[in-house]
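Enquirer: Pasting a structure below so you can have a look.
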Amino acid sequence: MSFQTPNVLTQSPYLVQPVSVTRIMLKVLLALLPGIAVYAWLFGPGIVIQLILASCTAVIAEALVLKARRRPVMPALSDLSAIVTAWLIALSFPPLAPWWLVIVGTSFAIVVAKHLYGGLGQNPFNPAMVAYALCIVSFPALMSQWPHPLSAGGLPPIDQITAIFFPERIDAWAGATPLDHLKTSLRLASGNDSLTVQTILKDHTIYGVGGGNGWEWVTLAWLLGGLWLIQQKVITWHIPTALIAGMGGIALLFWAINPAHFANPVFHILGGATLLGAFFIATDPVSGATTPRGKIIFAAAIGVLAYLIRVFGAFPDGIAFAVLILNMCVPLIDMYTQPPILGEKSHGKKS
């Protein structure tokens with residue numbers, strides 16, 4: 001998550017009021033609650049179990065690594081950064097994934113993606129997205145199994161808990177994501193002009209109003225939480241706006257060229273992890289761009305690249321890989337988007 005230092009001046013000498021990392025992270029967790037509530041309401045309590053597993057794993061892994069590094073444990077645990085990472089991992093993983101999968105992903109995120117590089121503030125890659133990338137490459141079948149909403153015949157709540165701890169139950173009750181289902185259906189229908197995006201989207205057991213059945217309401221809840229973070233000045237508008245514009249712009253272009261084969265921009269904005277990524281993932285201040293222009297370039301590129309991976313790639317959603325690829329580009333983006341030094345029109349040129 002990214003945050004901006006509030007422009008509040010204290011008494012002379014008018015120093016900027018310090019920001020509490022714990023307070024920022026707490027606000028991020030609060031902003032995620034509306035989406036989690038809608039998620040659990042529509043798809044059952046499986047997501048709550050995954051959040052608990054991820055949170056416990058993150059706290060234990062963080063404590064063990066800090067102890068091994070001979071660093072103070074309680075100050076680091078109390079900043080809630082590990083919990084935020086854990087929640088983003090749980091929300092990125094299928095809610096009916098086997099219990100060990102979220103533990104493996106969370107442990108890798110905390111131990112390797114975060115502490116191997118020096119801990120909070122030192123990691124070049126988003127830890128939650130590193131965990132997602134690791135698990136979807138290593139366990140693609142398990143990471144591609146997503147539930148249908150309870151209203152569409154999904155697994156009853158009690159059985160969801162059983163399915164998480166006894167993974168052999170998953171296949172009977174879960175399937176591909178709406179994004180992956182659409183892509184696969186179009187590939188199988190190659191040469192069949194009667195099967196278009198419009199006819200595929202009429203299957204309301206999978207697709208709903210503007211996105212996957214039920215998922216559009218979850219993503220709108222992410223939007224609500226994200227807007228609150230902007231209002232609270234926890235994040236700025238640059239990254240969410242640019243990512244949504246990048247995703248929507250390229251989706252509009254392909255849709256205008258061939259609407260029978262490419263879904264409309266609303267489907268891609270409300271589908272998958274677009275809004276979760278825009279407000280809660282790409283806004284990571286450590287691994288993301290820091291300058292205003294850099295944030296726009298960084299996020300717009302994520303939106304475009306995520307769309308290309310979704311539509312033409314082998315993975316069901318491209319947000320994680322797009323974020324990680326752009327994380328690698330951050331030093332270059334920041335270098336070329338730094339504002340000129342006071343008294344200079346541009347870098348190295350005096351006014």
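Identifiers for the structure tokens are assigned positionally: chains receive A, B, ... in sequence, residues are indexed from 1 per chain, and ligands are indexed from 1 in the order shown.
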Which parts of segment 92-326 of chain A does DSSP call strand (DSSP E or B) when run on the backbone here, written out as a list in words?
Expert: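 So, restricting segment 92-326 of chain A to strand (DSSP E or B), we get Trp146, Pro147, Ala174, Gly175, Tyr207 and Gly212 of chain A.
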Enquirer: Selected residues, N, CA, C and O atoms, written as a compact mmCIF listing (two decimals), in the first residue's frame, please.
Expert:
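And here is the file that came out, out-v4.txt:
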```txt
# COMPACT_ATOMS: atom_id res chain seq x y z
N TRP A 146 -12.16 -21.77 -8.50
CA TRP A 146 -12.89 -20.73 -7.78
C TRP A 146 -14.35 -21.13 -7.63
O TRP A 146 -14.92 -21.74 -8.53
N PRO A 147 -14.98 -20.78 -6.51
CA PRO A 147 -16.36 -21.24 -6.26
C PRO A 147 -17.40 -20.39 -6.98
O PRO A 147 -17.15 -19.24 -7.36
N ALA A 174 -16.15 -26.39 -7.54
CA ALA A 174 -15.50 -25.18 -8.00
C ALA A 174 -15.09 -25.32 -9.45
O ALA A 174 -14.96 -26.42 -9.98
N GLY A 175 -14.86 -24.17 -10.10
CA GLY A 175 -14.48 -24.19 -11.50
C GLY A 175 -13.58 -23.02 -11.83
O GLY A 175 -13.08 -22.33 -10.94
N TYR A 207 -21.65 -15.71 -15.20
CA TYR A 207 -21.51 -14.27 -15.44
C TYR A 207 -22.71 -13.52 -14.88
O TYR A 207 -23.84 -13.99 -14.92
N GLY A 212 -18.19 -11.34 -13.38
CA GLY A 212 -18.56 -12.68 -12.93
C GLY A 212 -19.74 -12.62 -11.99
O GLY A 212 -19.94 -11.63 -11.26
```
Enquirer: Fewer than 3 positions away in the same chain doesn't count, so skip those; otherwise give me all residues within 8 Å of Thr196 of chain A, counting only C-alpha atoms, as a ChimeraX atom specification.
Expert: /A:186,193,199-200,260-261
Enquirer: Hey, what's within 12 Å of Leu66 of chain A if we count only C-alpha atoms and toss same-chain stuff fewer than 2 positions away? As a list in words, please?
Expert: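 Result of the neighbour search: Ala58, Val59, Ile60, Ala61, Glu62, Ala63, Leu64, Ala68, Arg69, Arg70, Arg71, Pro72, Val73, Met74, Pro75, Ala76, Leu77, Ile110, Val111, Lys114, His115, Leu116, Gly118, Gly119 and Leu120 of chain A.
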Enquirer: Residues within 9 Å of Ile325 of chain A, please, as a list of chain:residue names. Count only C-alpha atoms; anything in the same chain fewer than 5 positions from it doesn't count.
Expert: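 Residues meeting the cut-off are A:Phe125, A:Ile302, A:Ala320.
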Enquirer: How many Å separate atom CA of Met247 of chain A from atom CA of Phe108 of chain A?
Expert: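 Separation of atom CA of Met247 of chain A and atom CA of Phe108 of chain A: 29.0 Å.
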Enquirer: Would you mind listing what lies within 10 Å of Leu29 of chain A as a count of residues only, with only C-alpha atoms counted and same-chain residues fewer than 5 positions away left out?
Expert: 11
Enquirer: To one decimal in Å, tell me the separation between atom CA of Ser107 of chain A and atom CA of Lys27 of chain A.
Expert: 23.7 Å
Enquirer: In Å, with one decimal, what is the gap from atom CA of Ala113 of chain A to atom CA of Met129 of chain A?
Expert: 9.4 Å
Enquirer: Counting only C-alpha atoms, which residue out of A:Leu308, A:Ala133, A:Ile36, A:Ile239 sits closest to Thr219 of chain A?
Expert: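 Of A:Leu308, A:Ala133, A:Ile36, A:Ile239, the one nearest Thr219 of chain A, counting only C-alpha atoms, is A:Ile36.
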Enquirer: Between A:Ala128, A:Leu276, A:Met25, A:Ala314, which has the minimum distance to Ile89 of chain A (counting only C-alpha atoms)?
Expert: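 With only C-alpha atoms as the atom set, the closest residue is A:Ala128.
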